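> Just so it is clear, I am handing over query-v6.pdb, which has PDB, C-alpha atoms.
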```pdb
ATOM      1  CA  MET A 159       0.000   0.000   0.000
ATOM      2  CA  ALA A 160       1.416   3.364  -0.958
ATOM      3  CA  ALA A 161       0.314   6.323   1.145
ATOM      4  CA  THR A 162      -0.188   9.644  -0.560
ATOM      5  CA  SER A 163       1.541  12.789   0.593
ATOM      6  CA  ALA A 164      -0.288  15.619   2.313
ATOM      7  CA  GLY A 165      -2.201  17.888  -0.013
ATOM      8  CA  LYS A 166      -2.738  15.317  -2.753
ATOM      9  CA  THR A 167      -6.061  13.871  -3.807
ATOM     10  CA  TYR A 168      -7.050  10.480  -2.413
ATOM     11  CA  HIS A 169      -8.591   8.166  -4.981
ATOM     12  CA  HIS A 170     -11.122   5.995  -3.191
ATOM     13  CA  GLY A 171     -12.539   3.427  -5.486
ATOM     14  CA  ASP A 172     -11.412   1.317  -2.523
ATOM     15  CA  LEU A 173     -12.541   3.453   0.408
ATOM     16  CA  ARG A 174     -10.912   1.333   3.109
ATOM     17  CA  ASN A 175      -7.520   1.613   1.456
ATOM     18  CA  ALA A 176      -8.010   5.340   0.871
ATOM     19  CA  LEU A 177      -8.742   5.822   4.574
ATOM     20  CA  ILE A 178      -5.619   3.865   5.490
ATOM     21  CA  CYS A 179      -3.534   6.001   3.122
ATOM     22  CA  ALA A 180      -4.918   9.165   4.705
ATOM     23  CA  ALA A 181      -4.260   7.821   8.195
ATOM     24  CA  VAL A 182      -0.684   6.906   7.274
ATOM     25  CA  ASP A 183      -0.195  10.471   6.037
ATOM     26  CA  LEU A 184      -1.547  11.796   9.323
ATOM     27  CA  ALA A 185       0.859   9.586  11.288
ATOM     28  CA  THR A 186       3.757  10.648   9.067
ATOM     29  CA  GLU A 187       2.959  14.299   9.719
ATOM     30  CA  GLY A 188       2.416  14.135  13.461
ATOM     31  CA  GLY A 189       2.674  10.653  14.905
ATOM     32  CA  PRO A 190      -0.096   8.381  16.196
ATOM     33  CA  GLU A 191      -1.837  11.229  18.013
ATOM     34  CA  ARG A 192      -2.814  12.707  14.661
ATOM     35  CA  VAL A 193      -4.567   9.543  13.496
ATOM     36  CA  VAL A 194      -8.294  10.235  13.901
ATOM     37  CA  LEU A 195     -10.937   8.467  11.859
ATOM     38  CA  ARG A 196     -12.991  11.616  11.291
ATOM     39  CA  GLU A 197      -9.936  13.492  10.011
ATOM     40  CA  ALA A 198      -9.025  10.608   7.696
ATOM     41  CA  ALA A 199     -12.606  10.675   6.376
ATOM     42  CA  ARG A 200     -12.421  14.449   5.847
ATOM     43  CA  ARG A 201      -9.206  14.105   3.857
ATOM     44  CA  VAL A 202     -10.675  11.402   1.681
ATOM     45  CA  GLY A 203     -13.810  13.479   1.157
ATOM     46  CA  VAL A 204     -16.397  11.186   2.719
ATOM     47  CA  SER A 205     -18.597  11.399   5.774
ATOM     48  CA  PRO A 206     -17.536   9.889   9.114
ATOM     49  CA  THR A 207     -20.509   7.547   8.762
ATOM     50  CA  ALA A 208     -19.013   6.121   5.574
ATOM     51  CA  ALA A 209     -15.665   5.678   7.306
ATOM     52  CA  TYR A 210     -17.267   3.806  10.211
ATOM     53  CA  ARG A 211     -18.528   1.195   7.769
ATOM     54  CA  HIS A 212     -14.887   0.123   7.334
ATOM     55  CA  PHE A 213     -13.444   0.694  10.821
ATOM     56  CA  ASP A 214     -15.027   0.280  14.236
ATOM     57  CA  GLY A 215     -13.201   3.348  15.452
ATOM     58  CA  ARG A 216      -9.865   5.060  15.921
ATOM     59  CA  GLY A 217      -8.316   2.055  17.652
ATOM     60  CA  GLU A 218      -8.815  -0.244  14.689
ATOM     61  CA  LEU A 219      -7.562   2.386  12.237
ATOM     62  CA  LEU A 220      -4.497   3.078  14.370
ATOM     63  CA  ARG A 221      -3.686  -0.626  14.629
ATOM     64  CA  THR A 222      -3.740  -0.784  10.836
ATOM     65  CA  VAL A 223      -1.396   2.211  10.613
ATOM     66  CA  ARG A 224       0.862   0.631  13.223
ATOM     67  CA  ALA A 225       1.143  -2.545  11.145
ATOM     68  CA  HIS A 226       2.031  -0.447   8.088
ATOM     69  CA  ALA A 227       4.673   1.479  10.038
ATOM     70  CA  ARG A 228       6.233  -1.728  11.311
ATOM     71  CA  ARG A 229       6.472  -3.085   7.777
ATOM     72  CA  GLU A 230       8.125   0.140   6.657
ATOM     73  CA  LEU A 231      10.629  -0.069   9.504
ATOM     74  CA  ALA A 232      11.589  -3.627   8.551
ATOM     75  CA  ALA A 233      11.860  -2.626   4.890
ATOM     76  CA  ALA A 234      14.223   0.226   5.805
ATOM     77  CA  MET A 235      16.404  -2.220   7.733
ATOM     78  CA  GLU A 236      16.508  -4.641   4.807
ATOM     79  CA  ARG A 237      17.431  -1.858   2.396
ATOM     80  CA  ALA A 238      20.268  -0.796   4.679
ATOM     81  CA  ALA A 239      21.538  -4.380   4.864
ATOM     82  CA  ALA A 240      21.342  -4.732   1.082
ATOM     83  CA  ARG A 241      23.594  -1.683   0.668
ATOM     84  CA  GLU A 242      26.263  -3.098   2.968
ATOM     85  CA  PRO A 243      29.333  -4.337   1.053
ATOM     86  CA  GLY A 244      30.011  -8.047   1.326
ATOM     87  CA  ALA A 245      33.030  -9.657   2.926
ATOM     88  CA  ASP A 246      34.995 -12.794   2.129
ATOM     89  CA  ASP A 247      35.084 -13.699   5.804
ATOM     90  CA  PRO A 248      31.650 -15.078   6.858
ATOM     91  CA  GLY A 249      32.063 -13.831  10.410
ATOM     92  CA  LEU A 250      32.803 -10.302   9.258
ATOM     93  CA  ALA A 251      29.906 -10.446   6.809
ATOM     94  CA  ALA A 252      27.585 -11.472   9.649
ATOM     95  CA  GLU A 253      28.834  -8.614  11.834
ATOM     96  CA  ARG A 254      28.306  -6.138   9.010
ATOM     97  CA  ARG A 255      24.738  -7.326   8.517
ATOM     98  CA  VAL A 256      23.927  -6.853  12.201
ATOM     99  CA  THR A 257      25.399  -3.351  12.100
ATOM    100  CA  ALA A 258      23.588  -2.441   8.875
ATOM    101  CA  LEU A 259      20.228  -3.633  10.169
ATOM    102  CA  CYS A 260      20.660  -1.577  13.324
ATOM    103  CA  ARG A 261      21.734   1.445  11.285
ATOM    104  CA  GLY A 262      18.631   1.085   9.122
ATOM    105  CA  TYR A 263      16.483   0.892  12.258
ATOM    106  CA  VAL A 264      17.860   4.115  13.708
ATOM    107  CA  GLY A 265      17.843   5.818  10.312
ATOM    108  CA  PHE A 266      14.137   5.097   9.862
ATOM    109  CA  ALA A 267      13.370   6.565  13.289
ATOM    110  CA  VAL A 268      15.266   9.771  12.528
ATOM    111  CA  GLU A 269      13.924  10.181   9.002
ATOM    112  CA  GLN A 270      10.331   9.115   9.735
ATOM    113  CA  PRO A 271       9.697  10.030  13.390
ATOM    114  CA  GLY A 272       5.918  10.117  13.025
ATOM    115  CA  LEU A 273       5.735   6.633  11.537
ATOM    116  CA  TYR A 274       8.327   5.384  14.009
ATOM    117  CA  ARG A 275       6.210   6.536  16.932
ATOM    118  CA  ALA A 276       3.163   4.955  15.306
ATOM    119  CA  ALA A 277       4.998   1.640  14.925
ATOM    120  CA  PHE A 278       5.178   1.261  18.695
ATOM    121  CA  CYS A 279       2.037   3.028  19.858
ATOM    122  CA  VAL A 280      -0.555   1.309  22.033
ATOM    123  CA  PRO A 281      -3.981   2.007  20.493
ATOM    124  CA  ARG A 282      -6.697   2.551  23.075
ATOM    125  CA  PRO A 283     -10.353   2.261  22.054
ATOM    126  CA  ALA A 284     -12.569   5.308  22.392
ATOM    127  CA  ALA A 285     -15.357   5.278  24.926
ATOM    128  CA  ASP A 286     -17.923   4.383  22.264
ATOM    129  CA  GLU A 287     -15.720   1.850  20.472
ATOM    130  CA  PRO A 288     -16.470  -1.848  21.034
ATOM    131  CA  VAL A 289     -13.770  -3.686  22.970
ATOM    132  CA  PRO A 290     -13.044  -7.222  21.697
ATOM    133  CA  VAL A 291     -13.684  -9.956  24.238
ATOM    134  CA  ARG A 292     -10.307 -11.475  23.361
ATOM    135  CA  PRO A 293      -7.728  -9.065  21.908
ATOM    136  CA  PRO A 294      -6.207 -10.368  18.673
ATOM    137  CA  ALA A 295      -2.789 -11.963  19.005
ATOM    138  CA  GLU A 296       0.032  -9.576  18.172
ATOM    139  CA  PRO A 297       2.208 -10.729  15.272
ATOM    140  CA  GLU A 298       5.935 -10.758  15.870
ATOM    141  CA  ILE A 299       7.546  -7.460  15.007
ATOM    142  CA  ARG A 300       9.542  -8.094  11.838
ATOM    143  CA  ALA A 301      12.254  -5.593  12.814
ATOM    144  CA  PHE A 302      13.075  -7.665  15.892
ATOM    145  CA  ALA A 303      12.935 -10.908  13.915
ATOM    146  CA  LEU A 304      15.459  -9.532  11.398
ATOM    147  CA  LEU A 305      17.833  -8.549  14.167
ATOM    148  CA  ARG A 306      17.444 -11.866  15.960
ATOM    149  CA  GLU A 307      18.069 -13.828  12.756
ATOM    150  CA  ALA A 308      21.191 -11.785  12.004
ATOM    151  CA  LEU A 309      22.554 -12.404  15.494
ATOM    152  CA  GLU A 310      21.810 -16.112  15.163
ATOM    153  CA  ALA A 311      23.736 -16.130  11.886
ATOM    154  CA  LEU A 312      26.604 -14.430  13.698
ATOM    155  CA  ALA A 313      26.459 -17.105  16.383
ATOM    156  CA  ARG A 314      26.673 -19.855  13.779
ATOM    157  CA  GLN A 315      30.026 -18.411  12.731
ATOM    158  CA  GLY A 316      31.335 -19.187  16.210
ATOM    159  CA  ALA A 317      31.665 -15.533  17.104
ATOM    160  CA  ALA A 318      28.867 -15.293  19.641
ATOM    161  CA  ARG A 319      29.578 -14.753  23.316
ATOM    162  CA  PRO A 320      29.030 -18.035  25.243
ATOM    163  CA  GLY A 321      25.725 -18.265  27.075
ATOM    164  CA  GLY A 322      24.378 -15.013  25.691
ATOM    165  CA  ARG A 323      22.202 -16.181  22.817
ATOM    166  CA  PRO A 324      18.767 -16.228  24.524
ATOM    167  CA  THR A 325      18.967 -12.575  25.552
ATOM    168  CA  THR A 326      21.358 -11.063  23.020
ATOM    169  CA  ALA A 327      18.665 -10.105  20.522
ATOM    170  CA  ALA A 328      16.500  -8.452  23.182
ATOM    171  CA  ALA A 329      19.498  -6.526  24.515
ATOM    172  CA  ALA A 330      20.508  -5.396  21.026
ATOM    173  CA  TRP A 331      16.959  -4.312  20.227
ATOM    174  CA  SER A 332      16.758  -2.422  23.516
ATOM    175  CA  ALA A 333      19.950  -0.556  22.635
ATOM    176  CA  VAL A 334      18.916   0.552  19.146
ATOM    177  CA  HIS A 335      15.330   1.285  20.181
ATOM    178  CA  GLY A 336      16.453   3.329  23.169
ATOM    179  CA  LEU A 337      18.929   5.241  21.023
ATOM    180  CA  SER A 338      16.223   5.901  18.452
ATOM    181  CA  LEU A 339      13.875   7.322  21.080
ATOM    182  CA  LEU A 340      16.627   9.559  22.459
ATOM    183  CA  LEU A 341      17.343  10.867  18.973
ATOM    184  CA  VAL A 342      13.686  11.410  18.090
ATOM    185  CA  ASP A 343      12.138  12.634  21.350
ATOM    186  CA  GLY A 344      14.978  12.895  23.868
ATOM    187  CA  PRO A 345      17.930  15.191  24.524
ATOM    188  CA  LEU A 346      19.991  13.641  21.715
ATOM    189  CA  ARG A 347      17.646  15.223  19.172
ATOM    190  CA  ARG A 348      19.681  18.421  19.596
ATOM    191  CA  LEU A 349      22.835  16.809  18.214
ATOM    192  CA  SER A 350      24.199  17.938  14.887
ATOM    193  CA  ALA A 351      24.126  15.447  12.040
ATOM    194  CA  GLN A 352      27.817  14.784  12.614
ATOM    195  CA  GLY A 353      27.386  14.308  16.347
ATOM    196  CA  ARG A 354      24.421  12.043  15.776
ATOM    197  CA  GLY A 355      26.461   9.903  13.398
ATOM    198  CA  VAL A 356      29.230   9.500  15.976
ATOM    199  CA  VAL A 357      26.773   8.413  18.673
ATOM    200  CA  VAL A 358      24.981   5.998  16.328
ATOM    201  CA  GLU A 359      28.186   4.300  15.182
ATOM    202  CA  ALA A 360      29.493   4.043  18.755
ATOM    203  CA  THR A 361      26.233   2.418  19.856
ATOM    204  CA  LEU A 362      26.233  -0.025  16.961
ATOM    205  CA  ALA A 363      29.839  -0.989  17.705
ATOM    206  CA  MET A 364      28.782  -1.620  21.298
ATOM    207  CA  VAL A 365      25.896  -3.832  20.137
ATOM    208  CA  VAL A 366      28.198  -5.971  17.990
ATOM    209  CA  SER A 367      30.949  -6.179  20.615
ATOM    210  CA  GLY A 368      28.387  -7.168  23.244
ATOM    211  CA  ALA A 369      27.215 -10.030  21.061
ATOM    212  CA  THR A 370      30.627 -11.343  20.076
ATOM    213  CA  VAL A 371      33.621 -12.952  21.731
ATOM    214  CA  GLY A 372      36.576 -10.730  22.481
TER     215      GLY A 372
END
```
Let me see whether you can do it: turn the structure in this file into structure tokens.

Amino acid sequence: MAATSAGKTYHHGDLRNALICAAVDLATEGGPERVVLREAARRVGVSPTAAYRHFDGRGELLRTVRAHARRELAAAMERAAAREPGADDPGLAAERRVTALCRGYVGFAVEQPGLYRAAFCVPRPAADEPVPVRPPAEPEIRAFALLREALEALARQGAARPGGRPTTAAAAWSAVHGLSLLLVDGPLRRLSAQGRGVVVEATLAMVVSGATVG
């Protein structure tokens, strides 16, 4: 699904998809707080009543936007890994992939802060929105799966720190996610581009060294 940019016309032969596109634009502009079903309907040019035929309320729409944002985050990581030069040494190649995936993660957060915030928001139903008796199971976040798989590949090269495999991926994710939040919403957002690059590379080096022997 390709979201339109703000100010462009939404073509809604498929109204549900048009509403999602509008909601993604809203999240891109201002994060999950901007995602409101009535505003998405206004942008598409339909009544709120028409929009409610496709979504129970803001919570359902925001969950759809969140899924889109998570896919975009994973895609940014994969693009970053694809740009990484190869290496004859399998261990070095595995390290480079871990670093590139993490760099893509942080880069997405900095370049798309609204979508990044939306990717990890916790949608809460409105007072008049029906609450499911059993919340749907959350799919695994692809960004974490990519990082875990890369670290497992690194471990298969014999470079992993002994005894650390069960928690290494969670620790690495915590590091890059925490750094991303500091860069987007925390005090590190004031860094210059050069200063930000130094901090990012230092953190990524720490992630790799924490996962490897020596």
> Skipping near chain neighbours, those fewer than 2 positions away, what residues fall within 7 Å of Val223 (chain A) using only C-alpha atoms, listed as a VMD selection string?
chain A and resid 178 181 to 182 219 to 221 225 to 227
> Let me know the centre plus edge lengths, in Å and rounded to one decimal, of a box with edges along x, y and z that contains all listed atoms of region 240-245 of chain A and is padded by 4 Å on every side, as AutoDock Vina command-line options.

```
--center_x 27.2 --center_y -5.7 --center_z 1.8 --size_x 19.7 --size_y 16.0 --size_z 10.3
```
> Apply the PyMOL selection byres ((chain A and resi 357) around 12) to the displayed file and report the matching residues as a PDB file with C-alpha atoms, in the coordinates of the input.

```pdb
ATOM      1  CA  ARG A 261      21.734   1.445  11.285  1.00  0.00           C
ATOM      2  CA  VAL A 264      17.860   4.115  13.708  1.00  0.00           C
ATOM      3  CA  ALA A 333      19.950  -0.556  22.635  1.00  0.00           C
ATOM      4  CA  VAL A 334      18.916   0.552  19.146  1.00  0.00           C
ATOM      5  CA  LEU A 337      18.929   5.241  21.023  1.00  0.00           C
ATOM      6  CA  SER A 338      16.223   5.901  18.452  1.00  0.00           C
ATOM      7  CA  LEU A 340      16.627   9.559  22.459  1.00  0.00           C
ATOM      8  CA  LEU A 341      17.343  10.867  18.973  1.00  0.00           C
ATOM      9  CA  LEU A 346      19.991  13.641  21.715  1.00  0.00           C
ATOM     10  CA  ARG A 347      17.646  15.223  19.172  1.00  0.00           C
ATOM     11  CA  LEU A 349      22.835  16.809  18.214  1.00  0.00           C
ATOM     12  CA  SER A 350      24.199  17.938  14.887  1.00  0.00           C
ATOM     13  CA  ALA A 351      24.126  15.447  12.040  1.00  0.00           C
ATOM     14  CA  GLN A 352      27.817  14.784  12.614  1.00  0.00           C
ATOM     15  CA  GLY A 353      27.386  14.308  16.347  1.00  0.00           C
ATOM     16  CA  ARG A 354      24.421  12.043  15.776  1.00  0.00           C
ATOM     17  CA  GLY A 355      26.461   9.903  13.398  1.00  0.00           C
ATOM     18  CA  VAL A 356      29.230   9.500  15.976  1.00  0.00           C
ATOM     19  CA  VAL A 358      24.981   5.998  16.328  1.00  0.00           C
ATOM     20  CA  GLU A 359      28.186   4.300  15.182  1.00  0.00           C
ATOM     21  CA  ALA A 360      29.493   4.043  18.755  1.00  0.00           C
ATOM     22  CA  THR A 361      26.233   2.418  19.856  1.00  0.00           C
ATOM     23  CA  LEU A 362      26.233  -0.025  16.961  1.00  0.00           C
ATOM     24  CA  ALA A 363      29.839  -0.989  17.705  1.00  0.00           C
ATOM     25  CA  MET A 364      28.782  -1.620  21.298  1.00  0.00           C
TER      26      MET A 364
END
```
> Show which residues sit within 7 Å of region 297-308 of chain A, as a list in words. Count all atoms listed in the file, and ignore same-chain residues fewer than 2 positions away.
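In the requested form, the answer reads Arg228, Leu231, Ala232, Ala252, Arg255, Val256, Leu259, Ala295, Glu310, Ala311, Leu312, Ala327 and Trp331 of chain A.
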> Would you work out the distance separating CA of Arg314 (chain A) from CA of Ala251 (chain A), expressed in Å to one decimal?
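Spanning CA of Arg314 (chain A) to CA of Ala251 (chain A) is a straight-line distance of 12.1 Å.
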> Residues within 10 Å of Glu191 (chain A), please, as an mmCIF file with C-alpha atoms, in the coordinates of the input. Count only C-alpha atoms; anything in the same chain fewer than 3 positions from it doesn't count.

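Dumped everything to selection10.cif:
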```
data_model
loop_
_atom_site.group_PDB
_atom_site.id
_atom_site.type_symbol
_atom_site.label_atom_id
_atom_site.label_comp_id
_atom_site.auth_asym_id
_atom_site.auth_seq_id
_atom_site.Cartn_x
_atom_site.Cartn_y
_atom_site.Cartn_z
ATOM 1 C CA LEU A 184 -1.547 11.796 9.323
ATOM 2 C CA ALA A 185 0.859 9.586 11.288
ATOM 3 C CA GLY A 188 2.416 14.135 13.461
ATOM 4 C CA VAL A 194 -8.294 10.235 13.901
ATOM 5 C CA LEU A 220 -4.497 3.078 14.370
ATOM 6 C CA GLY A 272 5.918 10.117 13.025
ATOM 7 C CA ARG A 275 6.210 6.536 16.932
ATOM 8 C CA ALA A 276 3.163 4.955 15.306
ATOM 9 C CA CYS A 279 2.037 3.028 19.858
ATOM 10 C CA PRO A 281 -3.981 2.007 20.493
#
```
> Suppose you want the space between CA of Phe278 (chain A) and CA of Arg192 (chain A); what is it in Å?
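Those two atoms sit 14.5 Å apart.
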> From the set A:His212, A:Glu197, A:Gly217, A:Val366, which residue has the shortest atom-to-atom contact distance to Val280 (chain A), counting only C-alpha atoms?
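Between A:His212, A:Glu197, A:Gly217, A:Val366, the residue approaching Val280 (chain A) most closely is A:Gly217.
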> When distances are computed from all atoms listed in the file, which of A:Pro248, A:Thr222, A:Ser367, A:Leu339 shows the smallest separation from Pro190 (chain A)?
A:Thr222
> For the file shown, report as a list of chain:residue names the outcome of the PyMOL selection byres ((chain A and resi 242) around 10) at residue level.
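Selected by the PyMOL selection byres ((chain A and resi 242) around 10) here: A:Arg237, A:Ala238, A:Ala239, A:Ala240, A:Arg241, A:Pro243, A:Gly244, A:Ala245, A:Ala251, A:Arg254, A:Arg255, A:Thr257, A:Ala258, A:Leu259.
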> Please, what distance in Å, to one decimal, runs between CA of His335 (chain A) and CA of Ala277 (chain A)?
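Taking CA of His335 (chain A) as the start and CA of Ala277 (chain A) as the end point, the length is 11.6 Å.
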> Pick the closest to Ala313 (chain A) from A:Ala176, A:Gly189, A:Thr370, A:Asp183: which is it, counting only C-alpha atoms?
A:Thr370
> Could you tell me which of A:Ala234, A:Tyr263, A:Ser332, A:Gln315 comes closest to Asp247 (chain A) if we count only C-alpha atoms?
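Answer, going by the shortest atom-to-atom distance: A:Gln315.
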> Reconstruct N, CA, C and O atoms of region 218-233 of chain A from the incomplete input and present them as a compact mmCIF listing (two decimals), keeping the file's coordinate frame.

```
# COMPACT_ATOMS: atom_id res chain seq x y z
N GLU A 218 -9.04 0.69 15.79
CA GLU A 218 -8.82 -0.24 14.69
C GLU A 218 -8.01 0.41 13.58
O GLU A 218 -7.10 -0.20 13.00
N LEU A 219 -8.31 1.68 13.28
CA LEU A 219 -7.56 2.39 12.24
C LEU A 219 -6.10 2.54 12.65
O LEU A 219 -5.19 2.32 11.84
N LEU A 220 -5.86 2.87 13.91
CA LEU A 220 -4.50 3.08 14.37
C LEU A 220 -3.71 1.77 14.38
O LEU A 220 -2.51 1.75 14.08
N ARG A 221 -4.38 0.67 14.69
CA ARG A 221 -3.69 -0.63 14.63
C ARG A 221 -3.26 -0.96 13.20
O ARG A 221 -2.20 -1.55 12.97
N THR A 222 -4.09 -0.57 12.24
CA THR A 222 -3.74 -0.78 10.84
C THR A 222 -2.54 0.07 10.44
O THR A 222 -1.63 -0.39 9.75
N VAL A 223 -2.53 1.33 10.88
CA VAL A 223 -1.40 2.21 10.61
C VAL A 223 -0.14 1.67 11.29
O VAL A 223 0.95 1.71 10.72
N ARG A 224 -0.29 1.19 12.50
CA ARG A 224 0.86 0.63 13.22
C ARG A 224 1.48 -0.53 12.45
O ARG A 224 2.70 -0.63 12.33
N ALA A 225 0.63 -1.41 11.92
CA ALA A 225 1.14 -2.54 11.14
C ALA A 225 1.89 -2.05 9.91
O ALA A 225 2.95 -2.58 9.55
N HIS A 226 1.36 -1.04 9.26
CA HIS A 226 2.03 -0.45 8.09
C HIS A 226 3.39 0.12 8.49
O HIS A 226 4.40 -0.10 7.81
N ALA A 227 3.43 0.86 9.59
CA ALA A 227 4.67 1.48 10.04
C ALA A 227 5.72 0.43 10.38
O ALA A 227 6.91 0.60 10.10
N ARG A 228 5.28 -0.66 10.97
CA ARG A 228 6.23 -1.73 11.31
C ARG A 228 6.80 -2.38 10.06
O ARG A 228 7.98 -2.74 10.02
N ARG A 229 5.97 -2.54 9.05
CA ARG A 229 6.47 -3.08 7.78
C ARG A 229 7.48 -2.13 7.14
O ARG A 229 8.50 -2.57 6.59
N GLU A 230 7.21 -0.85 7.22
CA GLU A 230 8.12 0.14 6.66
C GLU A 230 9.45 0.15 7.41
O GLU A 230 10.52 0.31 6.81
N LEU A 231 9.40 0.00 8.71
CA LEU A 231 10.63 -0.07 9.50
C LEU A 231 11.47 -1.26 9.09
O LEU A 231 12.69 -1.14 8.86
N ALA A 232 10.85 -2.43 8.97
CA ALA A 232 11.59 -3.63 8.55
C ALA A 232 12.16 -3.46 7.15
O ALA A 232 13.30 -3.87 6.87
N ALA A 233 11.38 -2.83 6.26
CA ALA A 233 11.86 -2.63 4.89
C ALA A 233 13.08 -1.71 4.87
O ALA A 233 14.02 -1.92 4.10
```
